[in-house]
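Undergrad: Next comes the structure file model30.txt, holding compact mmCIF, C-alpha atoms.
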```
# COMPACT_ATOMS: atom_id res chain seq x y z
CA MET A 1 -37.67 -36.15 25.79
CA ALA A 2 -39.87 -34.63 28.51
CA GLY A 3 -40.34 -31.62 26.27
CA HIS A 4 -41.54 -33.87 23.49
CA GLY A 5 -44.07 -35.90 25.38
CA ALA A 6 -42.34 -38.54 27.48
CA THR A 7 -43.16 -38.84 31.15
CA VAL A 8 -39.84 -38.27 32.89
CA VAL A 9 -39.30 -38.72 36.61
CA HIS A 10 -36.15 -37.49 38.28
CA GLN A 11 -35.11 -39.69 41.20
CA GLN A 12 -32.81 -38.57 43.96
CA SER A 13 -32.57 -38.76 47.74
CA TRP A 14 -33.03 -36.25 50.48
CA GLY A 15 -30.09 -37.72 52.30
CA ARG A 16 -27.66 -36.62 49.62
CA PRO A 17 -29.46 -34.38 47.18
CA GLU A 18 -27.65 -33.47 44.01
CA GLY A 19 -25.75 -30.22 44.02
CA PHE A 20 -27.15 -29.29 40.64
CA ARG A 21 -30.55 -28.61 42.16
CA ALA A 22 -29.20 -26.49 44.96
CA GLN A 23 -26.06 -24.75 43.85
CA TYR A 24 -25.74 -24.24 40.12
CA PRO A 25 -25.98 -20.53 39.35
CA PRO A 26 -27.85 -18.35 38.97
CA CYS A 27 -29.66 -19.07 42.22
CA ALA A 28 -32.84 -17.40 43.39
CA ASP A 29 -31.97 -14.24 45.34
CA LYS A 30 -28.34 -15.28 44.74
CA LYS A 31 -28.67 -17.75 47.62
CA PRO A 32 -27.86 -21.44 46.98
CA GLY A 33 -30.31 -23.92 48.46
CA GLN A 34 -32.76 -26.64 47.58
CA ASN A 35 -34.92 -25.77 44.58
CA ARG A 36 -33.12 -22.45 44.06
CA SER A 37 -30.90 -23.24 41.08
CA GLY A 38 -31.83 -21.52 37.87
CA THR A 39 -29.74 -23.91 35.82
CA PHE A 40 -31.57 -26.89 37.30
CA ALA A 41 -34.88 -25.23 36.56
CA LEU A 42 -33.80 -24.58 32.98
CA CYS A 43 -32.79 -28.20 32.37
CA ASN A 44 -35.55 -30.03 34.24
CA ASN A 45 -38.85 -28.49 33.27
CA THR A 46 -41.70 -30.82 32.40
CA LYS A 47 -40.35 -33.54 34.67
CA GLY A 48 -41.58 -35.19 37.84
CA SER A 49 -39.53 -35.66 41.00
CA VAL A 50 -39.45 -38.56 43.40
CA THR A 51 -37.17 -39.14 46.38
CA ILE A 52 -35.90 -42.62 47.14
CA ASP A 53 -32.76 -43.26 49.14
CA LEU A 54 -31.12 -46.24 47.49
CA LYS A 55 -29.10 -47.00 50.61
CA ALA A 56 -32.06 -47.05 52.98
CA ASP A 57 -33.96 -50.19 53.87
CA GLY A 58 -36.48 -50.82 51.14
CA GLY A 59 -34.94 -48.26 48.83
CA VAL A 60 -33.73 -50.77 46.27
CA GLU A 61 -37.02 -52.68 46.33
CA LEU A 62 -38.95 -49.47 45.77
CA THR A 63 -36.61 -48.55 42.94
CA LEU A 64 -37.20 -51.91 41.28
CA ARG A 65 -40.87 -51.06 41.30
CA ALA A 66 -39.93 -47.91 39.44
CA VAL A 67 -37.93 -49.98 36.99
CA ALA A 68 -40.89 -52.27 36.36
CA TRP A 69 -43.04 -49.20 35.72
CA THR A 70 -40.72 -47.40 33.33
CA ASP A 71 -39.43 -47.89 29.79
CA VAL A 72 -36.05 -46.22 30.18
CA VAL A 73 -33.66 -45.82 33.09
CA ILE A 74 -30.87 -43.25 32.90
CA LYS A 75 -28.14 -43.34 35.52
CA ASN A 76 -25.18 -41.08 36.10
CA PHE A 77 -23.50 -42.80 39.01
CA THR A 78 -19.84 -43.73 38.84
CA PRO A 79 -19.25 -47.21 37.36
CA GLY A 80 -20.07 -50.02 39.76
CA THR A 81 -22.26 -48.00 42.12
CA MET A 82 -25.58 -49.29 40.86
CA GLU A 83 -24.14 -52.78 40.59
CA ARG A 84 -23.11 -52.73 44.25
CA LEU A 85 -26.64 -51.72 45.16
CA GLY A 86 -28.06 -54.62 43.20
CA LEU A 87 -29.30 -52.30 40.47
CA GLY A 88 -26.93 -53.15 37.64
CA TYR A 89 -28.61 -54.20 34.43
CA GLU A 90 -29.36 -57.80 35.41
CA ALA A 91 -31.70 -57.24 38.36
CA PRO A 92 -33.72 -54.51 36.64
CA ARG A 93 -33.98 -56.64 33.51
CA GLU A 94 -35.53 -59.43 35.56
CA VAL A 95 -38.42 -57.17 36.53
CA ASN A 96 -38.56 -55.44 33.13
CA PRO A 97 -37.10 -57.59 30.31
CA ALA A 98 -37.60 -54.85 27.72
CA LEU A 99 -35.87 -52.18 29.78
CA VAL A 100 -33.62 -49.64 28.09
CA MET A 101 -30.89 -48.52 30.49
CA LEU A 102 -28.39 -45.77 29.75
CA GLY A 103 -25.24 -45.28 31.80
CA ARG A 104 -23.77 -41.82 31.25
CA CYS A 105 -20.72 -41.50 33.42
CA ASN A 106 -17.62 -39.53 32.47
CA GLN A 107 -15.46 -42.06 30.70
CA GLY A 108 -17.65 -45.11 30.28
CA GLN A 109 -18.47 -48.07 32.49
CA THR A 110 -15.37 -50.07 31.63
CA GLY A 111 -11.77 -49.43 30.70
CA LEU A 112 -8.64 -47.96 32.20
CA HIS A 113 -10.14 -44.58 33.05
CA ALA A 114 -13.68 -45.65 33.85
CA LYS A 115 -13.42 -44.79 37.52
CA ALA A 116 -11.41 -41.62 37.10
CA SER A 117 -13.09 -38.76 38.91
CA GLY A 118 -14.47 -35.85 36.98
CA VAL A 119 -15.50 -32.41 38.16
CA ARG A 120 -18.26 -30.44 36.47
CA GLY A 121 -17.22 -31.56 33.03
CA SER A 122 -14.32 -29.12 33.07
CA HIS A 123 -12.06 -32.10 33.38
CA LEU A 124 -13.51 -33.75 30.29
CA THR A 125 -13.58 -30.49 28.37
CA SER A 126 -9.85 -30.18 28.82
CA LEU A 127 -9.15 -33.88 28.39
CA SER A 128 -10.81 -33.88 25.00
CA GLY A 129 -8.79 -30.90 23.81
CA PHE A 130 -11.32 -28.04 23.76
CA THR A 131 -9.42 -26.02 26.34
CA ASN A 132 -6.14 -26.25 24.48
CA LEU A 133 -7.73 -24.98 21.28
CA THR A 134 -9.44 -21.98 22.85
CA GLY A 135 -7.68 -18.64 23.21
CA GLU A 136 -5.15 -16.38 21.60
CA SER A 137 -2.41 -18.08 19.61
CA ASP A 138 0.23 -16.51 21.84
CA GLY A 139 -1.80 -16.82 25.03
CA SER A 140 -2.68 -19.53 27.48
CA PRO A 141 -5.44 -22.11 26.96
CA GLN A 142 -8.89 -20.90 27.99
CA LEU A 143 -11.54 -23.04 29.63
CA ARG A 144 -14.75 -22.87 27.67
CA CYS A 145 -18.03 -22.54 29.52
CA GLY A 146 -16.97 -24.91 32.31
CA HIS A 147 -18.75 -28.17 31.72
CA TYR A 148 -19.14 -27.55 27.99
CA ILE A 149 -18.81 -31.23 27.20
CA ASP A 150 -21.91 -31.98 29.29
CA PHE A 151 -23.98 -30.21 26.69
CA ILE A 152 -22.49 -32.37 23.97
CA GLY A 153 -22.96 -35.61 25.85
CA VAL A 154 -26.63 -35.03 26.49
CA GLY A 155 -27.08 -34.41 22.78
CA TYR A 156 -26.08 -37.96 22.02
CA GLU A 157 -28.05 -39.58 24.82
CA PRO A 158 -31.57 -39.11 23.47
CA ILE A 159 -30.36 -40.32 20.09
CA ALA A 160 -29.02 -43.51 21.65
CA VAL A 161 -32.16 -43.99 23.73
CA LEU A 162 -34.45 -43.46 20.74
CA VAL A 163 -32.52 -46.01 18.71
CA ALA A 164 -32.83 -48.48 21.58
CA LEU A 165 -36.55 -47.75 21.88
CA ASP A 166 -37.01 -48.26 18.17
CA TYR A 167 -35.22 -51.59 18.49
CA ARG A 168 -37.40 -52.45 21.45
CA PHE A 169 -40.61 -51.58 19.64
CA ARG A 170 -39.58 -53.79 16.74
CA THR A 171 -38.15 -56.74 18.68
CA GLY A 172 -39.37 -56.48 22.26
CA GLN A 173 -35.78 -56.57 23.46
CA GLY A 174 -34.22 -54.18 25.93
CA THR A 175 -30.78 -52.62 25.61
CA TYR A 176 -28.01 -51.47 27.91
CA ILE A 177 -26.19 -48.39 26.60
CA ASP A 178 -22.78 -47.41 27.92
CA LEU A 179 -22.32 -43.83 26.77
CA SER A 180 -19.08 -42.14 27.74
CA GLN A 181 -19.47 -38.38 27.90
CA TYR A 182 -15.83 -38.06 26.99
CA LYS A 183 -16.25 -39.98 23.76
CA GLY A 184 -19.37 -38.04 22.96
CA GLY A 185 -17.40 -34.82 23.32
CA LEU A 186 -14.66 -36.09 21.05
CA GLN A 187 -17.15 -36.14 18.18
CA PHE A 188 -16.98 -32.35 18.20
CA MET A 189 -13.22 -32.58 17.90
CA ALA A 190 -13.46 -34.70 14.77
CA PRO A 191 -11.94 -32.09 12.40
CA ALA A 192 -8.86 -31.73 14.60
CA LEU A 193 -8.53 -35.48 15.08
CA LEU A 194 -9.01 -36.15 11.39
CA ASP A 195 -6.50 -33.49 10.43
CA PHE A 196 -3.93 -35.09 12.70
CA ALA A 197 -4.67 -38.61 11.54
CA ALA A 198 -4.59 -37.73 7.85
CA ASN A 199 -2.09 -34.90 7.69
CA GLY A 200 -0.12 -35.13 10.92
CA ARG A 201 -1.08 -31.56 11.84
CA VAL A 202 -1.81 -30.66 15.45
CA MET A 203 -4.48 -27.98 15.59
CA GLN A 204 -3.45 -24.87 17.51
CA ARG A 205 -5.17 -21.92 19.16
CA THR A 206 -5.83 -19.21 16.61
CA HIS A 207 -8.04 -16.61 18.36
CA ASN A 208 -11.22 -16.32 16.29
CA HIS A 209 -9.67 -17.50 13.07
CA HIS A 210 -10.45 -20.81 11.48
CA ALA A 211 -8.19 -23.04 9.45
CA THR A 212 -10.63 -23.50 6.60
CA ALA A 213 -13.35 -20.86 7.11
CA ARG A 214 -12.74 -17.19 6.57
CA CYS A 215 -14.72 -14.00 6.91
CA VAL A 216 -15.69 -12.60 3.54
CA SER A 217 -14.38 -9.16 4.37
CA GLY A 218 -12.25 -7.69 7.08
CA PRO A 219 -9.00 -9.20 8.25
CA ARG A 220 -9.80 -9.52 11.94
CA ARG A 221 -13.15 -9.00 13.56
CA LYS A 222 -14.65 -9.34 16.97
CA PRO A 223 -15.71 -12.95 17.69
CA LEU A 224 -19.44 -12.21 17.57
CA ASP A 225 -19.11 -10.30 14.34
CA CYS A 226 -17.10 -13.14 12.88
CA ALA A 227 -19.69 -15.68 13.97
CA ARG A 228 -22.44 -13.67 12.30
CA ARG A 229 -20.54 -13.79 9.06
CA LEU A 230 -19.60 -17.43 9.16
CA HIS A 231 -22.69 -18.34 7.20
CA GLN A 232 -21.25 -16.37 4.32
CA CYS A 233 -18.02 -18.31 4.37
CA ARG A 234 -17.01 -20.91 1.96
CA VAL A 235 -15.96 -23.80 4.12
CA GLY A 236 -13.66 -26.61 3.11
CA PRO A 237 -13.57 -28.88 6.13
CA PHE A 238 -11.56 -31.64 4.48
CA ARG A 239 -9.22 -29.50 2.46
CA GLY A 240 -5.95 -31.27 1.90
CA VAL A 241 -7.03 -34.65 3.19
CA ASP A 242 -6.74 -36.26 -0.19
CA GLY A 243 -4.66 -33.58 -1.89
CA ARG A 244 -7.64 -32.06 -3.65
CA PRO A 245 -9.69 -28.95 -2.91
CA GLY A 246 -12.14 -29.52 -0.11
CA VAL A 247 -15.89 -29.53 -0.07
CA GLY A 248 -17.40 -26.16 -0.92
CA ARG A 249 -14.39 -24.78 -2.69
CA MET B 1 -59.15 -17.61 12.32
CA ALA B 2 -57.16 -18.92 15.22
CA LYS B 3 -53.79 -17.39 15.73
CA PHE B 4 -52.19 -20.76 16.35
CA SER B 5 -52.34 -23.94 14.34
CA SER B 6 -54.12 -27.04 15.57
CA ALA B 7 -50.79 -28.62 16.49
CA PHE B 8 -50.25 -29.20 20.18
CA TRP B 9 -48.61 -26.43 22.05
CA GLY B 10 -48.48 -25.48 25.67
CA ILE B 11 -46.49 -23.83 28.38
CA ARG B 12 -44.05 -26.23 29.92
CA PRO B 13 -44.50 -27.07 33.58
CA PRO B 14 -41.67 -25.75 35.73
CA ALA B 15 -38.92 -27.96 37.11
CA PRO B 16 -40.23 -30.02 40.02
CA ARG B 17 -39.38 -29.36 43.63
CA ILE B 18 -37.54 -32.22 45.25
CA GLY B 19 -39.93 -35.07 45.99
CA GLU B 20 -42.88 -33.14 44.63
CA HIS B 21 -44.45 -36.17 42.98
CA ASN B 22 -43.70 -38.84 45.56
CA SER B 23 -47.21 -39.89 46.39
CA GLU B 24 -48.38 -39.87 42.78
CA VAL B 25 -45.41 -41.89 41.57
CA PHE B 26 -45.68 -44.37 44.42
CA ARG B 27 -49.33 -44.91 43.52
CA GLU B 28 -48.22 -45.59 39.95
CA PHE B 29 -45.80 -48.20 41.27
CA GLY B 30 -48.79 -49.99 42.67
CA LEU B 31 -48.08 -49.33 46.32
CA PRO B 32 -51.16 -49.55 48.50
CA LYS B 33 -52.34 -46.42 50.26
CA ASP B 34 -51.28 -47.78 53.63
CA ASP B 35 -47.73 -48.25 52.40
CA ILE B 36 -47.63 -44.77 50.97
CA ALA B 37 -48.87 -43.41 54.26
CA LEU B 38 -46.20 -45.43 56.02
CA LEU B 39 -43.56 -43.98 53.74
CA CYS B 40 -44.86 -40.56 54.62
CA ARG B 41 -44.61 -41.21 58.34
CA GLU B 42 -41.23 -42.88 58.09
CA ARG B 43 -39.79 -40.50 55.60
CA GLY B 44 -36.45 -40.72 57.35
CA ASP B 45 -36.22 -44.25 56.04
CA VAL B 46 -36.85 -44.92 52.37
CA MET B 47 -37.31 -41.33 51.35
CA GLY B 48 -34.15 -40.40 53.16
CA ASP B 49 -35.25 -37.15 54.77
CA ARG B 50 -32.59 -36.83 57.43
CA GLY B 51 -34.31 -34.23 59.51
CA ASN B 52 -33.07 -31.32 57.49
CA GLY B 53 -36.18 -29.33 58.10
CA GLN B 54 -37.55 -29.74 54.60
CA GLY B 55 -39.95 -32.58 55.27
CA LEU B 56 -41.96 -34.09 52.52
CA SER B 57 -45.33 -34.18 54.17
CA GLY B 58 -46.26 -30.73 53.01
CA ARG B 59 -45.50 -31.61 49.44
CA LEU B 60 -46.87 -35.10 49.20
CA GLY B 61 -49.70 -35.11 46.77
CA ALA B 62 -49.09 -31.53 45.87
CA GLY B 63 -47.73 -32.15 42.42
CA THR B 64 -48.88 -33.81 39.27
CA ILE B 65 -46.38 -35.41 36.95
CA PRO B 66 -46.26 -33.64 33.61
CA ARG B 67 -47.84 -36.07 31.21
CA ALA B 68 -47.52 -36.69 27.57
CA ALA B 69 -50.16 -34.81 25.68
CA ALA B 70 -52.50 -36.72 23.45
CA GLY B 71 -51.99 -36.35 19.76
CA GLY B 72 -49.20 -38.57 18.53
CA ARG B 73 -46.20 -36.86 20.04
CA ALA B 74 -42.93 -38.54 19.30
CA TYR B 75 -42.34 -39.89 22.79
CA ALA B 76 -45.91 -40.18 24.02
CA GLY B 77 -46.21 -43.20 26.25
CA VAL B 78 -42.52 -43.50 26.96
CA ILE B 79 -41.60 -43.29 30.63
CA VAL B 80 -38.10 -42.41 31.71
CA VAL B 81 -36.63 -42.58 35.19
CA GLU B 82 -33.32 -40.83 35.66
CA PHE B 83 -31.10 -41.24 38.67
CA ALA B 84 -29.37 -38.11 39.81
CA ALA B 85 -26.07 -38.42 41.57
CA TYR B 86 -24.12 -35.21 41.71
CA ALA B 87 -21.49 -34.56 44.32
CA SER B 88 -22.82 -31.61 46.23
CA SER B 89 -19.48 -30.48 47.50
CA VAL B 90 -17.73 -29.66 44.26
CA VAL B 91 -19.74 -26.79 42.85
CA GLY B 92 -19.57 -24.37 45.74
CA THR B 93 -19.90 -20.72 44.82
CA SER B 94 -17.72 -20.65 41.77
CA THR B 95 -18.30 -18.11 39.07
CA TRP B 96 -20.02 -19.18 35.89
CA PRO B 97 -17.23 -18.68 33.36
CA ALA B 98 -19.18 -17.43 30.40
CA THR B 99 -21.60 -15.09 32.11
CA GLY B 100 -20.01 -14.04 35.34
CA LEU B 101 -23.18 -15.06 37.16
CA ARG B 102 -22.74 -16.51 40.61
```
Please express the file's structure as structure tokens.

TA:
Amino acid sequence: MAGHGATVVHQQSWGRPEGFRAQYPPCADKKPGQNRSGTFALCNNTKGSVTIDLKADGGVELTLRAVAWTDVVIKNFTPGTMERLGLGYEAPREVNPALVMLGRCNQGQTGLHAKASGVRGSHLTSLSGFTNLTGESDGSPQLRCGHYIDFIGVGYEPIAVLVALDYRFRTGQGTYIDLSQYKGGLQFMAPALLDFAANGRVMQRTHNHHATARCVSGPRRKPLDCARRLHQCRVGPFRGVDGRPGVGR
Amino acid sequence: MAKFSSAFWGIRPPAPRIGEHNSEVFREFGLPKDDIALLCRERGDVMGDRGNGQGLSGRLGAGTIPRAAAGGRAYAGVIVVEFAAYASSVVGTSTWPATGLR
């Protein structure tokens, strides 16, 4: 959203700065430290930065001023943290009735696994099944690019926020959005989930092969070569669901 | 003829340094100058600088928040505040799986 014109301010504290800013590789001169993370720089351009310690005297009051100033608040604390600080949805809504607030913790704000810890998204990537489906058919599961599911979750967040903003512009009403990164990631597993639900098949690791997409020529190619040729494939994503040939066949 | 169209384009400002826009944002909140100055002096309080040698005073007022450009951009006028809470102890010096970068 910052890249498309919104004014975005990133709030954190000096007392416990986020590790993303300091440690995510590649780091400048290969030395971790504040403002040295290349990954942070890649993901946070066009933003502002403000430091407010929510646990310090006056920190919550100052944050409520920020809430009154802003249109959207995005939080990634574990469930209940903001509420304990007096910054759940109710208090902010009192100072900004049209506020859009998005909670984006691992497995949602409520439910059996809401407070389950997660590490770097690797946990969610495996929990949602990506790890088990990656690798050689006769080999062990392979962890995709670590926190792969993070990149899926953030794809859904601006969509949800824009819908809430559209609703706000039309009605003047704010919205609280509880977006579980885990559930967002499951959307990319839809073919496997659908195949199991409809056909009872459990998708397995198959190297660089695909159940319904096939390279036009060559029995087995390097992954990159295969990816280049995927656009030439005739894909039938729902083949067999209803007993008829799938789409595109 | 211009090489580029009349549509807005520009080089994106780099990611901000921590606390780079404190004074500007606090002014936007409506804090009086005296309060902002107080926050600067007592940065161990609300700003949470725990004496780690990276004080804010040198950066206060140094930055300018990247603003929405005029011209009907999709999100122009929308302000977003995002809270960052990442455990700093879990990332360590692990290897980036896909690239091997450290």

Undergrad: Would you work out the distance separating CA of Thr175 in chain A from CA of Ile18 in chain B, expressed in Å to one decimal?

TA: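 Rounded to one decimal, the two atoms are 29.1 Å apart.
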
Undergrad: Could you check the closest approach to chain A for each of B:Leu39, B:Ile11, B:Arg27, B:Gly19 and tell me which residue wins, using only C-alpha atoms?

TA: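 The answer is B:Gly19, which sits nearest to chain A.
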
Undergrad: Nearest to chain A: which of B:Gly10, B:Val80, B:Lys33, B:Glu24 is it, counting all atoms listed in the file?

TA: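 Of B:Gly10, B:Val80, B:Lys33, B:Glu24, the one nearest chain A is B:Val80, counting all atoms listed in the file.
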
Undergrad: Quick one: of A:Val154, A:Asp166, A:Gly129, A:Gly15, who's nearest to Ala190 in chain A, counting all atoms listed in the file?

TA: A:Gly129

Undergrad: By how many Å are CA of Ala66 in chain A and CA of Phe29 in chain B apart?

TA: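 Straight-line distance from CA of Ala66 in chain A to CA of Phe29 in chain B works out to 6.2 Å.
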
Undergrad: Excluding range 84-101 of chain A and its own-chain neighbours fewer than 2 positions away, which residues fall within 7 Å of it when counting all atoms listed in the file? Please give them as a short mmCIF file (atom, residue, chain, number, x, y, z; two decimals) with C-alpha atoms, in the frame of the given file.

TA:
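The resulting file, around26.cif, is shown below:
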```cif
data_model
loop_
_atom_site.label_atom_id
_atom_site.label_comp_id
_atom_site.auth_asym_id
_atom_site.auth_seq_id
_atom_site.Cartn_x
_atom_site.Cartn_y
_atom_site.Cartn_z
CA LEU A 64 -37.20 -51.91 41.28
CA VAL A 67 -37.93 -49.98 36.99
CA ALA A 68 -40.89 -52.27 36.36
CA ASP A 71 -39.43 -47.89 29.79
CA VAL A 72 -36.05 -46.22 30.18
CA VAL A 73 -33.66 -45.82 33.09
CA ILE A 74 -30.87 -43.25 32.90
CA GLY A 80 -20.07 -50.02 39.76
CA THR A 81 -22.26 -48.00 42.12
CA MET A 82 -25.58 -49.29 40.86
CA GLY A 103 -25.24 -45.28 31.80
CA ALA A 164 -32.83 -48.48 21.58
CA ARG A 168 -37.40 -52.45 21.45
CA GLY A 172 -39.37 -56.48 22.26
CA GLN A 173 -35.78 -56.57 23.46
CA GLY A 174 -34.22 -54.18 25.93
CA THR A 175 -30.78 -52.62 25.61
CA TYR A 176 -28.01 -51.47 27.91
CA ILE A 177 -26.19 -48.39 26.60
#
```

Undergrad: With distances taken over only C-alpha atoms, which residue among A:Asn106, A:Asn45, A:Thr78, A:Gln34 lies nearest chain B?

TA: A:Asn45

Undergrad: What is the CA of Ile79 in chain B to CA of Phe169 in chain A distance in Å?

TA: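 Computing it gives 13.8 Å between the two atoms.
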
Undergrad: Under the rule of at most 7 Å, produce a per-residue listing of chain A near chain B: chain, number, name, the closest pair of atoms, and the distance in Å, as a tab-separated table, using all atoms listed in the file.

TA:
```
residue	atom	partner	partner_atom	distance
A:Met1	CA	B:Tyr75	CA	6.7
A:His4	CA	B:Tyr75	CA	6.1
A:Gly5	CA	B:Ala68	CA	4.2
A:Ala6	CA	B:Tyr75	CA	4.9
A:Thr7	CA	B:Ile79	CA	4.7
A:Val8	CA	B:Val80	CA	4.6
A:Val9	CA	B:Val81	CA	4.9
A:His10	CA	B:Glu82	CA	5.1
A:Gln11	CA	B:Phe83	CA	5.0
A:Gln12	CA	B:Ala84	CA	5.4
A:Ser13	CA	B:Gly48	CA	5.9
A:Trp14	CA	B:Asp49	CA	4.9
A:Gly15	CA	B:Gly48	CA	4.9
A:Glu18	CA	B:Tyr86	CA	4.6
A:Gly19	CA	B:Ser88	CA	3.9
A:Phe20	CA	B:Tyr86	CA	6.7
A:Gln23	CA	B:Val91	CA	6.7
A:Pro25	CA	B:Arg102	CA	5.3
A:Pro26	CA	B:Arg102	CA	5.7
A:Asn35	CA	B:Arg17	CA	5.8
A:Ala41	CA	B:Ala15	CA	4.9
A:Asn44	CA	B:Ala15	CA	4.9
A:Asn45	CA	B:Ala15	CA	3.9
A:Thr46	CA	B:Pro13	CA	4.8
A:Lys47	CA	B:Pro66	CA	6.0
A:Gly48	CA	B:Ile65	CA	4.9
A:Ser49	CA	B:Gly19	CA	5.0
A:Val50	CA	B:Gly19	CA	4.4
A:Thr51	CA	B:Gly19	CA	4.9
A:Ile52	CA	B:Met47	CA	4.6
A:Asp53	CA	B:Gly48	CA	5.1
A:Ala56	CA	B:Val46	CA	5.3
A:Asp57	CA	B:Val46	CA	6.2
A:Gly58	CA	B:Val46	CA	6.0
A:Gly59	CA	B:Val46	CA	5.2
A:Arg65	CA	B:Phe29	CA	5.7
A:Ala66	CA	B:Phe29	CA	6.2
A:Trp69	CA	B:Phe29	CA	6.3
A:Thr70	CA	B:Ile79	CA	5.0
A:Asp71	CA	B:Ile79	CA	5.2
A:Val72	CA	B:Val80	CA	4.6
A:Val73	CA	B:Val81	CA	4.9
A:Ile74	CA	B:Glu82	CA	4.4
A:Lys75	CA	B:Phe83	CA	4.8
A:Asn76	CA	B:Ala85	CA	6.1
A:Phe77	CA	B:Ala85	CA	5.7
A:Cys145	CA	B:Ala98	CA	5.3
A:Gly146	CA	B:Pro97	CA	6.3
```

Undergrad: Would you list the contacts of range 132-135 of chain A as number ranges by chain, taking every protein, DNA or RNA residue within 7 Å and counting only C-alpha atoms, but skipping same-chain residues closer than 6 positions in sequence?

TA: A: 126, 141-142, 204-207
